[in-house]
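With mmCIF, C-alpha atoms and all ligand atoms inside, this is data.cif:
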```
data_start
#
loop_
_atom_site.label_atom_id
_atom_site.label_comp_id
_atom_site.auth_asym_id
_atom_site.auth_seq_id
_atom_site.Cartn_x
_atom_site.Cartn_y
_atom_site.Cartn_z
CA MET A 14 -1.54 62.09 -13.72
CA ALA A 15 -4.35 61.49 -16.19
CA GLY A 16 -6.37 64.42 -17.48
CA LYS A 17 -3.44 66.70 -18.25
CA LYS A 18 -2.37 64.84 -21.34
CA LYS A 19 -3.02 67.39 -24.06
CA LYS A 20 -1.43 70.33 -22.40
CA VAL A 21 1.69 68.51 -21.42
CA ARG A 22 2.46 66.86 -24.72
CA ALA A 23 4.19 69.96 -26.04
CA ASN A 24 6.38 70.09 -22.92
CA PHE A 25 7.11 66.45 -23.33
CA ARG A 26 8.55 67.04 -26.77
CA LYS A 27 10.52 69.96 -25.47
CA ASN A 28 11.93 67.85 -22.65
CA ARG A 29 13.03 65.19 -25.10
CA ASN A 30 15.05 67.81 -26.93
CA VAL A 31 16.54 68.98 -23.69
CA ARG A 32 17.64 65.49 -22.88
CA VAL A 33 19.46 65.13 -26.16
CA ARG A 34 21.22 68.41 -25.66
CA LYS A 35 22.10 67.55 -22.09
CA ASN A 36 24.68 65.07 -23.32
CA ASP A 37 26.72 67.96 -24.64
CA TRP A 38 27.32 69.38 -21.23
CA THR A 39 27.79 66.14 -19.37
CA SER A 40 30.96 65.71 -21.36
CA GLU A 41 32.17 69.12 -20.19
CA LYS A 42 32.82 68.08 -16.59
CA GLY A 43 36.02 68.66 -14.77
CA LYS A 44 36.63 72.15 -16.10
CA THR A 45 37.24 75.15 -13.95
CA ASP A 46 34.56 77.81 -13.75
CA ALA A 47 36.50 80.15 -15.97
CA GLU A 48 37.08 77.49 -18.63
CA ASP A 49 33.48 76.48 -18.36
CA ALA A 50 32.24 80.01 -18.83
CA ALA A 51 34.51 80.55 -21.78
CA SER A 52 33.48 77.32 -23.41
CA SER A 53 29.81 77.92 -22.83
CA GLN A 54 30.14 81.06 -24.90
CA SER A 55 31.94 79.26 -27.62
CA VAL A 56 29.52 76.37 -27.91
CA THR A 57 26.72 78.52 -29.30
CA GLY A 58 25.62 76.76 -32.43
CA LYS A 59 26.87 73.38 -31.24
CA GLY A 60 23.49 72.78 -29.68
CA GLU A 61 24.05 73.44 -25.97
CA PHE A 62 22.02 76.58 -26.26
CA THR A 63 20.28 78.13 -29.19
CA ARG A 64 20.47 81.71 -30.31
CA LYS A 65 17.03 83.29 -30.41
CA ARG A 66 17.31 86.99 -31.16
CA THR A 67 19.14 90.15 -30.25
CA VAL A 68 17.72 92.33 -27.49
CA ALA A 69 19.19 95.76 -26.77
CA GLY A 70 22.39 94.74 -28.49
CA ALA A 71 22.75 91.56 -26.41
CA GLU A 72 22.14 88.01 -27.48
CA LEU A 73 19.09 86.19 -26.14
CA VAL A 74 19.69 82.43 -26.02
CA GLU A 75 17.76 79.43 -24.78
CA ASP A 76 19.83 77.26 -22.48
CA ALA A 77 19.74 73.50 -21.92
CA SER A 78 16.97 73.84 -19.35
CA GLY A 79 14.71 75.59 -21.86
CA GLU A 80 15.14 78.98 -20.21
CA GLU A 81 15.89 82.20 -21.97
CA VAL A 82 19.13 83.88 -20.96
CA LEU A 83 20.37 87.27 -22.00
CA LEU A 84 24.09 87.28 -22.64
CA LEU A 85 25.09 90.85 -21.92
CA ASP A 86 28.62 91.87 -22.74
CA VAL A 87 30.79 92.16 -19.68
CA ASP A 88 34.10 93.82 -19.19
CA GLN A 89 36.04 90.75 -18.14
CA GLU A 90 38.96 92.87 -16.94
CA ALA A 91 36.79 94.71 -14.43
CA CYS A 92 34.52 91.80 -13.48
CA SER A 93 35.07 88.46 -11.75
CA LEU A 94 33.32 85.18 -12.18
CA GLY A 95 31.51 83.87 -9.12
CA ARG A 96 28.92 81.48 -7.84
CA VAL A 97 25.64 82.50 -6.25
CA LEU A 98 25.42 80.78 -2.87
CA ARG A 99 21.99 82.09 -1.95
CA VAL A 100 19.48 84.73 -2.86
CA GLN A 101 17.94 86.84 -0.10
CA GLY A 102 15.33 89.13 -1.55
CA LEU A 103 17.12 91.54 -3.85
CA VAL A 104 20.57 90.59 -2.62
CA SER A 105 22.55 87.62 -3.93
CA VAL A 106 25.45 86.30 -1.89
CA VAL A 107 28.16 85.48 -4.40
CA GLN A 108 31.42 83.63 -3.81
CA LEU A 109 34.08 84.86 -6.19
CA ALA A 110 36.81 82.67 -7.64
CA ASP A 111 39.25 83.86 -4.92
CA GLY A 112 36.88 82.56 -2.23
CA THR A 113 35.65 85.94 -1.00
CA LEU A 114 31.95 86.65 -0.50
CA ARG A 115 30.10 89.67 -1.82
CA ASN A 116 26.53 90.86 -1.38
CA CYS A 117 25.42 91.69 -4.87
CA ALA A 118 22.59 93.59 -6.47
CA THR A 119 21.54 92.71 -9.99
CA ARG A 120 22.15 95.05 -12.91
CA ARG A 121 18.88 96.70 -13.80
CA LEU A 122 19.12 95.89 -17.50
CA LEU A 123 19.26 92.17 -16.68
CA LYS A 124 16.05 92.48 -14.71
CA THR A 125 14.29 94.67 -17.23
CA LEU A 126 14.97 92.32 -20.09
CA SER A 127 14.32 89.12 -18.22
CA THR A 128 11.35 87.06 -19.31
CA ASP A 129 10.78 85.92 -15.75
CA GLN A 130 11.90 88.56 -13.30
CA ARG A 131 11.76 86.41 -10.22
CA HIS A 132 14.42 84.10 -11.51
CA VAL A 133 16.93 86.46 -12.96
CA VAL A 134 19.41 85.06 -10.43
CA ALA A 135 19.15 81.76 -8.50
CA ALA A 136 21.37 79.80 -6.11
CA GLY A 137 23.98 77.91 -8.10
CA ASP A 138 24.20 80.47 -10.91
CA ARG A 139 27.57 81.34 -12.35
CA VAL A 140 27.67 85.10 -12.61
CA TRP A 141 30.00 87.93 -13.62
CA VAL A 142 30.30 90.45 -10.81
CA ARG A 143 31.58 94.01 -10.90
CA PRO A 144 33.01 94.54 -7.40
CA GLU A 145 31.83 97.60 -5.50
CA GLY A 146 33.41 98.81 -2.25
CA GLU A 147 34.68 96.34 0.35
CA ASP A 148 32.23 93.51 0.04
CA GLU A 149 29.51 94.45 -2.42
CA GLY A 150 29.03 94.23 -6.14
CA PHE A 151 26.77 94.16 -9.17
CA ILE A 152 25.79 91.05 -11.09
CA GLU A 153 26.41 92.02 -14.69
CA ARG A 154 25.67 88.75 -16.39
CA VAL A 155 24.27 85.29 -15.59
CA GLU A 156 25.81 82.41 -17.53
CA PRO A 157 23.48 79.90 -19.23
CA ARG A 158 22.27 77.27 -16.80
CA ARG A 159 22.25 73.52 -16.87
CA GLY A 160 21.12 70.99 -14.25
CA VAL A 161 18.24 73.17 -13.06
CA ILE A 162 16.06 71.84 -10.27
CA SER A 163 12.71 73.54 -10.36
CA ARG A 164 9.14 72.91 -9.47
CA THR A 165 5.98 74.06 -11.08
CA SER A 166 3.10 75.25 -9.02
CA ARG A 167 -0.04 76.81 -10.45
CA GLY A 168 1.51 76.84 -13.87
CA ARG A 169 4.59 78.80 -12.83
CA ARG A 170 8.07 77.44 -12.75
CA HIS A 171 10.06 78.01 -9.59
CA VAL A 172 13.78 77.61 -9.93
CA ILE A 173 15.26 76.14 -6.75
CA VAL A 174 18.88 75.70 -7.73
CA THR A 175 20.91 75.70 -10.95
CA ASN A 176 24.03 74.06 -12.34
CA VAL A 177 23.64 70.89 -10.31
CA ASP A 178 26.03 68.20 -11.57
CA GLN A 179 24.76 65.33 -9.51
CA VAL A 180 22.21 64.38 -6.90
CA LEU A 181 23.03 62.14 -3.97
CA ILE A 182 20.05 59.92 -3.36
CA VAL A 183 20.50 58.97 0.27
CA ALA A 184 18.72 55.90 1.66
CA SER A 185 19.47 53.93 4.79
CA ALA A 186 20.03 50.22 5.15
CA ALA A 187 18.01 50.22 8.38
CA GLU A 188 16.18 52.67 10.65
CA PRO A 189 14.38 53.49 8.40
CA ARG A 190 14.80 50.40 6.23
CA VAL A 191 15.66 50.81 2.58
CA LYS A 192 12.68 51.58 0.34
CA PRO A 193 13.61 50.67 -3.23
CA ASN A 194 10.51 52.26 -4.76
CA LEU A 195 11.42 55.54 -3.14
CA ILE A 196 14.94 55.31 -4.57
CA ASP A 197 13.29 54.75 -7.97
CA ARG A 198 11.24 57.91 -7.56
CA TYR A 199 14.33 59.96 -6.91
CA LEU A 200 16.08 58.29 -9.84
CA ILE A 201 13.22 59.19 -12.18
CA ALA A 202 13.30 62.79 -11.00
CA ALA A 203 17.07 62.87 -11.61
CA GLU A 204 16.59 61.40 -15.10
CA LYS A 205 14.00 64.03 -15.82
CA TYR A 206 16.23 66.88 -14.77
CA GLY A 207 19.18 65.40 -16.62
CA ILE A 208 21.20 65.29 -13.41
CA GLU A 209 23.46 62.34 -12.66
CA PRO A 210 22.23 60.36 -9.66
CA VAL A 211 24.50 58.67 -7.10
CA ILE A 212 22.74 56.23 -4.80
CA CYS A 213 24.17 56.30 -1.26
CA ILE A 214 22.94 53.64 1.13
CA ASN A 215 23.90 54.85 4.58
CA LYS A 216 23.91 53.10 8.00
CA ILE A 217 25.57 50.08 6.45
CA ASP A 218 27.01 49.40 9.93
CA LEU A 219 23.55 48.27 11.04
CA ILE A 220 23.25 45.29 8.69
CA ASP A 221 25.25 42.63 6.86
CA PRO A 222 26.06 44.35 3.52
CA ALA A 223 25.52 41.03 1.70
CA GLU A 224 21.81 41.46 2.32
CA LEU A 225 21.80 44.44 -0.02
CA GLN A 226 23.61 42.73 -2.87
CA PRO A 227 20.50 41.82 -4.94
CA LEU A 228 19.23 45.41 -4.81
CA VAL A 229 22.64 46.94 -5.46
CA GLY A 230 23.10 44.51 -8.36
CA VAL A 231 19.94 45.69 -10.12
CA TYR A 232 20.98 49.34 -9.93
CA ALA A 233 24.58 48.66 -10.88
CA GLN A 234 23.40 46.74 -13.94
CA LEU A 235 21.40 49.77 -15.01
CA GLY A 236 24.58 51.82 -14.83
CA TYR A 237 23.78 53.69 -11.62
CA ARG A 238 26.54 54.32 -9.11
CA VAL A 239 25.78 52.83 -5.69
CA LEU A 240 27.81 53.56 -2.55
CA LEU A 241 27.43 51.62 0.68
CA ILE A 242 28.42 53.98 3.45
CA SER A 243 28.24 54.73 7.12
CA ALA A 244 28.40 58.22 8.54
CA THR A 245 29.00 56.60 11.93
CA THR A 246 31.95 54.32 11.14
CA GLY A 247 33.26 56.31 8.16
CA GLN A 248 32.98 53.34 5.82
CA GLY A 249 32.84 54.44 2.17
CA MET A 250 33.24 58.09 3.11
CA GLU A 251 36.52 58.56 1.24
CA ARG A 252 34.83 57.52 -1.98
CA LEU A 253 31.94 59.85 -1.31
CA ARG A 254 34.34 62.69 -0.61
CA ALA A 255 36.06 62.08 -3.94
CA ILE A 256 32.73 62.04 -5.77
CA LEU A 257 31.72 65.38 -4.27
CA ALA A 258 35.04 67.18 -4.85
CA GLY A 259 34.86 69.99 -7.37
CA ARG A 260 31.23 69.40 -8.30
CA GLN A 261 27.83 70.79 -7.37
CA SER A 262 25.75 68.16 -5.64
CA ALA A 263 22.20 68.17 -4.37
CA VAL A 264 21.26 65.89 -1.48
CA ALA A 265 17.91 64.08 -1.50
CA GLY A 266 16.38 61.40 0.69
CA GLN A 267 13.65 60.84 3.22
CA SER A 268 13.86 62.02 6.79
CA GLY A 269 16.15 60.16 9.15
CA VAL A 270 18.36 58.40 6.59
CA GLY A 271 21.37 60.44 7.73
CA LYS A 272 21.82 63.26 5.21
CA SER A 273 22.91 65.79 7.83
CA SER A 274 25.14 63.19 9.50
CA LEU A 275 26.86 62.48 6.19
CA LEU A 276 27.49 66.14 5.47
CA ASN A 277 28.75 66.73 9.01
CA SER A 278 31.06 63.76 8.76
CA LEU A 279 32.48 65.10 5.48
CA GLU A 280 32.76 68.66 6.73
CA PRO A 281 32.68 68.84 10.53
CA SER A 282 32.60 72.64 10.43
CA LEU A 283 29.11 72.58 8.94
CA GLY A 284 27.42 71.74 12.20
CA LEU A 285 24.15 70.74 10.54
CA ARG A 286 21.54 69.62 12.99
CA VAL A 287 21.27 65.87 13.34
CA GLN A 288 18.02 64.31 14.41
CA THR A 289 18.32 63.16 18.00
CA VAL A 290 15.10 61.23 18.19
CA SER A 291 14.38 58.86 15.35
CA THR A 292 10.88 60.04 14.65
CA ASP A 293 9.41 61.91 11.73
CA ASN A 294 7.40 64.32 13.75
CA ASP A 295 9.55 67.41 13.81
CA LYS A 296 8.79 68.40 10.26
CA GLY A 297 8.13 71.99 11.27
CA ARG A 298 11.77 72.75 11.92
CA HIS A 299 12.54 73.48 8.26
CA THR A 300 10.74 76.69 7.54
CA THR A 301 12.57 78.03 4.54
CA THR A 302 12.52 76.71 1.00
CA THR A 303 15.28 78.87 -0.38
CA ALA A 304 18.29 76.95 -1.52
CA GLU A 305 21.76 77.47 -0.14
CA MET A 306 24.96 76.24 -1.70
CA ILE A 307 27.44 75.08 0.94
CA PRO A 308 31.08 75.34 -0.18
CA LEU A 309 33.19 72.26 0.66
CA ALA A 310 36.80 72.51 1.76
CA SER A 311 37.77 70.02 -0.95
CA GLY A 312 36.22 72.25 -3.63
CA GLY A 313 32.68 71.86 -4.88
CA TYR A 314 29.38 72.60 -3.22
CA VAL A 315 26.46 70.74 -1.77
CA VAL A 316 22.96 72.08 -1.71
CA ASP A 317 20.73 70.82 1.00
CA THR A 318 17.25 72.28 1.17
CA PRO A 319 13.87 70.97 2.19
CA GLY A 320 12.63 71.47 -1.37
CA ILE A 321 15.21 69.04 -2.66
CA ARG A 322 15.13 66.67 0.27
CA GLN A 323 11.56 65.99 -0.74
CA PHE A 324 12.62 65.87 -4.41
CA GLN A 325 9.46 64.29 -5.70
CA LEU A 326 8.19 63.50 -9.13
CA TRP A 327 7.73 67.13 -9.98
CA ASP A 328 6.16 67.57 -13.36
CA VAL A 329 6.82 64.02 -14.56
CA ILE A 330 3.89 63.02 -16.71
CA GLU A 331 2.49 59.67 -17.69
CA GLU A 332 3.70 59.78 -21.28
CA GLU A 333 7.31 60.37 -20.41
CA LEU A 334 7.59 58.05 -17.41
CA ASP A 335 8.60 54.95 -19.40
CA GLY A 336 11.42 56.94 -21.01
CA PHE A 337 12.93 57.61 -17.58
CA PHE A 338 13.13 53.91 -16.70
CA ARG A 339 16.36 53.03 -18.45
CA GLU A 340 15.55 49.36 -18.89
CA LEU A 341 12.10 50.03 -20.37
CA ARG A 342 13.34 52.32 -23.11
CA PRO A 343 14.52 49.65 -25.58
CA TYR A 344 11.14 47.92 -25.52
CA VAL A 345 8.78 50.89 -25.59
CA SER A 346 9.01 51.40 -29.35
CA GLN A 347 8.15 47.74 -29.92
CA CYS A 348 4.75 47.97 -28.24
CA ARG A 349 1.78 47.69 -30.59
CA TYR A 350 0.09 50.87 -29.37
CA PRO A 351 2.12 54.05 -29.65
CA ASP A 352 0.67 55.39 -26.40
CA CYS A 353 1.00 52.05 -24.56
CA THR A 354 1.29 52.53 -20.81
CA HIS A 355 2.57 48.92 -20.40
CA ASP A 356 -0.14 48.32 -17.84
CA HIS A 357 -3.40 46.86 -19.18
CA GLU A 358 -2.54 46.78 -22.92
CA GLU A 359 -2.12 43.52 -24.80
CA PRO A 360 0.20 42.75 -26.42
CA CYS A 361 2.95 44.82 -24.81
CA ALA A 362 6.67 44.43 -25.47
CA VAL A 363 7.53 45.73 -22.00
CA LYS A 364 5.33 43.18 -20.25
CA ASP A 365 6.83 40.43 -22.43
CA ALA A 366 10.30 41.56 -21.38
CA VAL A 367 9.25 41.39 -17.71
CA ALA A 368 7.81 37.88 -18.24
CA ASP A 369 11.03 36.79 -19.95
CA GLY A 370 13.15 38.15 -17.12
CA TYR A 371 14.84 40.95 -19.11
CA ILE A 372 13.27 43.59 -16.89
CA ASN A 373 13.41 43.24 -13.13
CA LEU A 374 9.91 42.59 -11.76
CA ARG A 375 10.27 44.89 -8.77
CA ARG A 376 11.36 47.80 -10.98
CA TYR A 377 8.39 47.15 -13.27
CA GLU A 378 6.07 47.19 -10.26
CA SER A 379 7.69 50.40 -9.14
CA TYR A 380 6.94 51.84 -12.62
CA LEU A 381 3.27 50.80 -12.30
CA GLN A 382 3.07 52.35 -8.86
CA MET A 383 4.37 55.68 -10.18
CA LEU A 384 2.03 55.51 -13.15
CA GLN A 385 -0.92 55.22 -10.81
CA SER A 386 0.14 57.90 -8.39
N1 LIG B 1 23.93 53.55 12.94
C1 LIG B 1 24.00 54.64 12.21
N2 LIG B 1 23.22 55.71 12.52
C2 LIG B 1 23.31 56.81 11.73
C3 LIG B 1 24.18 56.88 10.62
N3 LIG B 1 24.02 58.08 10.02
C4 LIG B 1 23.09 58.75 10.74
N4 LIG B 1 22.65 58.00 11.77
C5 LIG B 1 21.62 58.37 12.75
O1 LIG B 1 20.38 58.52 12.08
C6 LIG B 1 19.60 59.55 12.67
C7 LIG B 1 19.13 60.55 11.62
O2 LIG B 1 20.24 61.23 11.07
P1 LIG B 1 20.14 62.66 10.36
O3 LIG B 1 21.51 62.97 9.85
O4 LIG B 1 19.48 63.65 11.23
O5 LIG B 1 19.14 62.32 9.16
P2 LIG B 1 18.61 63.31 8.02
O6 LIG B 1 18.49 62.49 6.79
O7 LIG B 1 19.45 64.51 7.93
O8 LIG B 1 17.16 63.65 8.56
P3 LIG B 1 16.25 64.94 8.23
O9 LIG B 1 17.00 66.13 8.70
O10 LIG B 1 14.98 64.67 9.00
O11 LIG B 1 16.00 64.95 6.74
C8 LIG B 1 20.49 60.18 13.75
O12 LIG B 1 20.11 59.64 14.99
C9 LIG B 1 21.88 59.74 13.38
O13 LIG B 1 22.75 59.63 14.48
C10 LIG B 1 25.00 55.73 10.33
O14 LIG B 1 25.78 55.67 9.38
N5 LIG B 1 24.84 54.65 11.16
ZN ZN B 2 3.70 48.42 -23.75
#
```
Mind turning this structure into structure tokens?
Amino acid sequence: MAGKKKKVRANFRKNRNVRVRKNDWTSEKGKTDAEDAASSQSVTGKGEFTRKRTVAGAELVEDASGEEVLLLDVDQEACSLGRVLRVQGLVSVVQLADGTLRNCATRRLLKTLSTDQRHVVAAGDRVWVRPEGEDEGFIERVEPRRGVISRTSRGRRHVIVTNVDQVLIVASAAEPRVKPNLIDRYLIAAEKYGIEPVICINKIDLIDPAELQPLVGVYAQLGYRVLLISATTGQGMERLRAILAGRQSAVAGQSGVGKSSLLNSLEPSLGLRVQTVSTDNDKGRHTTTTAEMIPLASGGYVVDTPGIRQFQLWDVIEEELDGFFRELRPYVSQCRYPDCTHDHEEPCAVKDAVADGYINLRRYESYLQMLQS
């Protein structure tokens, strides 16, 4: 992580702003798409997105993810609001509010005026569609995004999926055994993206749940939701179903923990392939990295893609890492050195808090491990 410090500082500041603004939309949950779209137009000026300038008579705004969005006027009588399930080349498959699917092209003006053409439309986007013929249409407008999962490679940002409300961090109690530091990595990524994490520990049928209490206790104390579940016996599945209903959820977790089994158990019609041999060596079977939103019968969507399964610490930099560990935050400002990494520095308020038992030692070690990676 070292060596990139200067360049990333500006982003760091930007991300801080994003995090503050994020709180505005987290309070907007539970609305229908139409309400949501209407309210996202009306919140301009409240801080969810900022007006930048007018382009070709349309407003250019910056949304909560720091992206520029052009808000073209749409004829709401003639158009319908929908959700992009997947993007295949120039065609976006959109599910409209009435449940029907349409293969849509994107209005040329949207593309022409976009600052980053490749991501004019992404899976998860809420879009206004002008229907065309039996099952086609034109995307006339893309609503501002929130909860964007992206990755940066060679300096370019690749949007994987947008408007994600929550990420299920799936671990397993056994086979493979639970790896708390890996859960922490996913949690940090979720904190960075401003997406609410839900920790799901699957295969609870294989152990005595009491064994997990110390670990669950640490996370629960930090305010994280933890579910103990079993795709095999169905334990905890009703709660999971309720958590997924009506929301957009991404699913993350290492191979073999039971992500496909969980989704199949929730929605038997999905027929996702479940690993038959408990080895890690069939990595080649996922060949695509494009995201696909899977509609759930109970309302809501899950997105399950290799890119998110391996949801790593994309773009998290040394200087911001301590801010993503909830329990470190209150102490960071008390350290003597403003750029304290809470590793070798003396004195350090974070290390004192670990020594005094206010910060869990394993979590602190997990922080150090991420710092060094
Ligand atoms: N005992 C038990 N086994 C389970 C449970 N859930 C899944 N399994 C088994 O765990 C293995 C892996 O399950 P998958 O659903 O393929 O795991 P995955 O996380 O989707 O794996 P990848 O596709 O490699 O990412 C399979 O043999 C499942 O039958 C559970 O709750 N209890
Ligand atoms: Zn410190």
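Candidate residues A:Leu309, A:Ala255, A:Ile372, A:Ala77 were compared for distance to A:Gln234, and the nearest is A:Ile372, using all atoms listed in the file.
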Using all atoms listed in the file, which residues of chain A come within 10 Å of ligand ZN 2 (chain B), and what is the closest atom pair for each, with the distance in Å to one decimal? Give it as a tab-separated table, sorted by chain and residue number.
```
residue	atom	partner	partner_atom	distance
A:Asp335	CA	B:ZN2	ZN	9.3
A:Leu341	CA	B:ZN2	ZN	9.2
A:Tyr344	CA	B:ZN2	ZN	7.7
A:Val345	CA	B:ZN2	ZN	5.9
A:Ser346	CA	B:ZN2	ZN	8.3
A:Gln347	CA	B:ZN2	ZN	7.6
A:Cys348	CA	B:ZN2	ZN	4.6
A:Arg349	CA	B:ZN2	ZN	7.1
A:Tyr350	CA	B:ZN2	ZN	7.1
A:Pro351	CA	B:ZN2	ZN	8.3
A:Asp352	CA	B:ZN2	ZN	8.0
A:Cys353	CA	B:ZN2	ZN	4.6
A:Thr354	CA	B:ZN2	ZN	5.6
A:His355	CA	B:ZN2	ZN	3.6
A:Asp356	CA	B:ZN2	ZN	7.0
A:His357	CA	B:ZN2	ZN	8.6
A:Glu358	CA	B:ZN2	ZN	6.5
A:Glu359	CA	B:ZN2	ZN	7.7
A:Pro360	CA	B:ZN2	ZN	7.2
A:Cys361	CA	B:ZN2	ZN	3.8
A:Ala362	CA	B:ZN2	ZN	5.3
A:Val363	CA	B:ZN2	ZN	5.0
A:Lys364	CA	B:ZN2	ZN	6.5
A:Asp365	CA	B:ZN2	ZN	8.7
A:Ala366	CA	B:ZN2	ZN	9.8
```
Two-atom distance - atom CA of A:Gly95, atom CA of A:Phe151 (Å) = 11.3 Å
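Among A:Val133, A:Val270, A:Ala263, A:Leu83, the residue with the shortest atom-to-atom distance to ligand LIG 1 (chain B), counting only C-alpha atoms and all ligand atoms, is A:Val270.
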message = Taking 3 positions as the minimum chain separation for residues in the same chain, which residues sit within 10 Å of A:Gly150 when counting all atoms listed in the file? Answer as a PyMOL selection string.
response = chain A and resi 92+104-107+114-120+141-147+153
request  = For stretch 164-176 of chain A, list every protein, DNA or RNA residue within 6 Å, evaluated using only C-alpha atoms, and leave out those in the same chain fewer than 6 positions away; present the list as a ChimeraX atom specification.
outcome  = /A:136-138,158,327
remark   = Across A:Ser262, A:Thr303, A:Ser243, A:Ser278, the smallest distance to ligand LIG 1 (chain B), with all atoms listed in the file counted, is shown by A:Ser243
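Note that atom CA of A:Phe338 and atom CA of A:Gln267 are 21.1 Å apart.
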request  = List every protein, DNA or RNA residue with an atom no more than 8 Å from (23.4, 49.8, 8.2) in the file's coordinates, counting all atoms listed in the file, and format the result as a PyMOL selection string.
outcome  = chain A and resi 185-187+215-222+243
Residues within 8 Å of A:Tyr237, all atoms listed in the file, excluding chain neighbours under 3 positions, as a ChimeraX atom specification = /A:210-212,232-234
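Atom CA of A:Leu283 is found 12.6 Å from atom O7 of ligand LIG 1 (chain B).
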key: Residue nearest A:Val191 among A:Cys213, A:Ile256, A:Ile208, A:Leu123 (counting only C-alpha atoms)   =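 Ranked by minimum distance to A:Val191, first place goes to A:Cys213.
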note = Between A:Thr245, A:Gln89, A:Thr67, A:Asn373, smallest distance to ligand LIG 1 (chain B) by only C-alpha atoms and all ligand atoms belongs to A:Thr245
ask   = Which residue, A:Asp178, A:Asp86, A:Glu80, A:Asp197, has the smallest gap to A:Val68 when you use all atoms listed in the file?
value = A:Asp86
message = Within 10 Å of (21.7, 63.7, 6.9) in the file's own coordinates, which protein, DNA or RNA residues have an atom, counting all atoms listed in the file? List them as a list in words.
response =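 Checking each residue against the 10 Å limit leaves Val183, Ala184, Asn215, Ala244, Val264, Ala265, Gly266, Gln267, Ser268, Gly269, Val270, Gly271, Lys272, Ser273, Ser274, Leu275, Leu276, Asn277, Ser278, Leu285, Arg286, Val287, Gln288, Asp317 and Arg322 of chain A.
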Would you fill out stretch 69-83 of chain A with N, CA and C atoms and return it as an mmCIF file, keeping the file's coordinate frame?
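Result file is rebuild17.cif:
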```cif
data_model
loop_
_atom_site.group_PDB
_atom_site.id
_atom_site.type_symbol
_atom_site.label_atom_id
_atom_site.label_comp_id
_atom_site.auth_asym_id
_atom_site.auth_seq_id
_atom_site.Cartn_x
_atom_site.Cartn_y
_atom_site.Cartn_z
ATOM 1 N N ALA A 69 18.373 94.642 -27.253
ATOM 2 C CA ALA A 69 19.190 95.760 -26.770
ATOM 3 C C ALA A 69 20.675 95.506 -26.997
ATOM 4 N N GLY A 70 21.001 94.973 -28.140
ATOM 5 C CA GLY A 70 22.390 94.740 -28.490
ATOM 6 C C GLY A 70 22.999 93.491 -27.871
ATOM 7 N N ALA A 71 22.232 92.774 -27.038
ATOM 8 C CA ALA A 71 22.750 91.560 -26.410
ATOM 9 C C ALA A 71 22.044 90.341 -26.996
ATOM 10 N N GLU A 72 22.715 89.218 -26.912
ATOM 11 C CA GLU A 72 22.140 88.010 -27.480
ATOM 12 C C GLU A 72 21.193 87.325 -26.506
ATOM 13 N N LEU A 73 20.021 86.947 -26.986
ATOM 14 C CA LEU A 73 19.090 86.190 -26.140
ATOM 15 C C LEU A 73 19.202 84.733 -26.592
ATOM 16 N N VAL A 74 19.539 83.842 -25.649
ATOM 17 C CA VAL A 74 19.690 82.430 -26.020
ATOM 18 C C VAL A 74 18.782 81.583 -25.145
ATOM 19 N N GLU A 75 18.518 80.366 -25.607
ATOM 20 C CA GLU A 75 17.760 79.430 -24.780
ATOM 21 C C GLU A 75 18.741 78.382 -24.306
ATOM 22 N N ASP A 76 18.838 78.192 -22.996
ATOM 23 C CA ASP A 76 19.830 77.260 -22.480
ATOM 24 C C ASP A 76 19.277 75.844 -22.415
ATOM 25 N N ALA A 77 20.107 74.912 -21.909
ATOM 26 C CA ALA A 77 19.740 73.500 -21.920
ATOM 27 C C ALA A 77 18.512 73.198 -21.071
ATOM 28 N N SER A 78 18.147 74.113 -20.172
ATOM 29 C CA SER A 78 16.970 73.840 -19.350
ATOM 30 C C SER A 78 15.717 74.430 -19.984
ATOM 31 N N GLY A 79 15.873 75.031 -21.176
ATOM 32 C CA GLY A 79 14.710 75.590 -21.860
ATOM 33 C C GLY A 79 14.427 77.026 -21.439
ATOM 34 N N GLU A 80 15.342 77.607 -20.650
ATOM 35 C CA GLU A 80 15.140 78.980 -20.210
ATOM 36 C C GLU A 80 15.829 79.964 -21.123
ATOM 37 N N GLU A 81 15.260 81.150 -21.177
ATOM 38 C CA GLU A 81 15.890 82.200 -21.970
ATOM 39 C C GLU A 81 16.917 82.940 -21.111
ATOM 40 N N VAL A 82 18.068 83.184 -21.693
ATOM 41 C CA VAL A 82 19.130 83.880 -20.960
ATOM 42 C C VAL A 82 19.644 85.002 -21.854
ATOM 43 N N LEU A 83 19.840 86.133 -21.263
ATOM 44 C CA LEU A 83 20.370 87.270 -22.000
ATOM 45 C C LEU A 83 21.867 87.354 -21.759
#
```
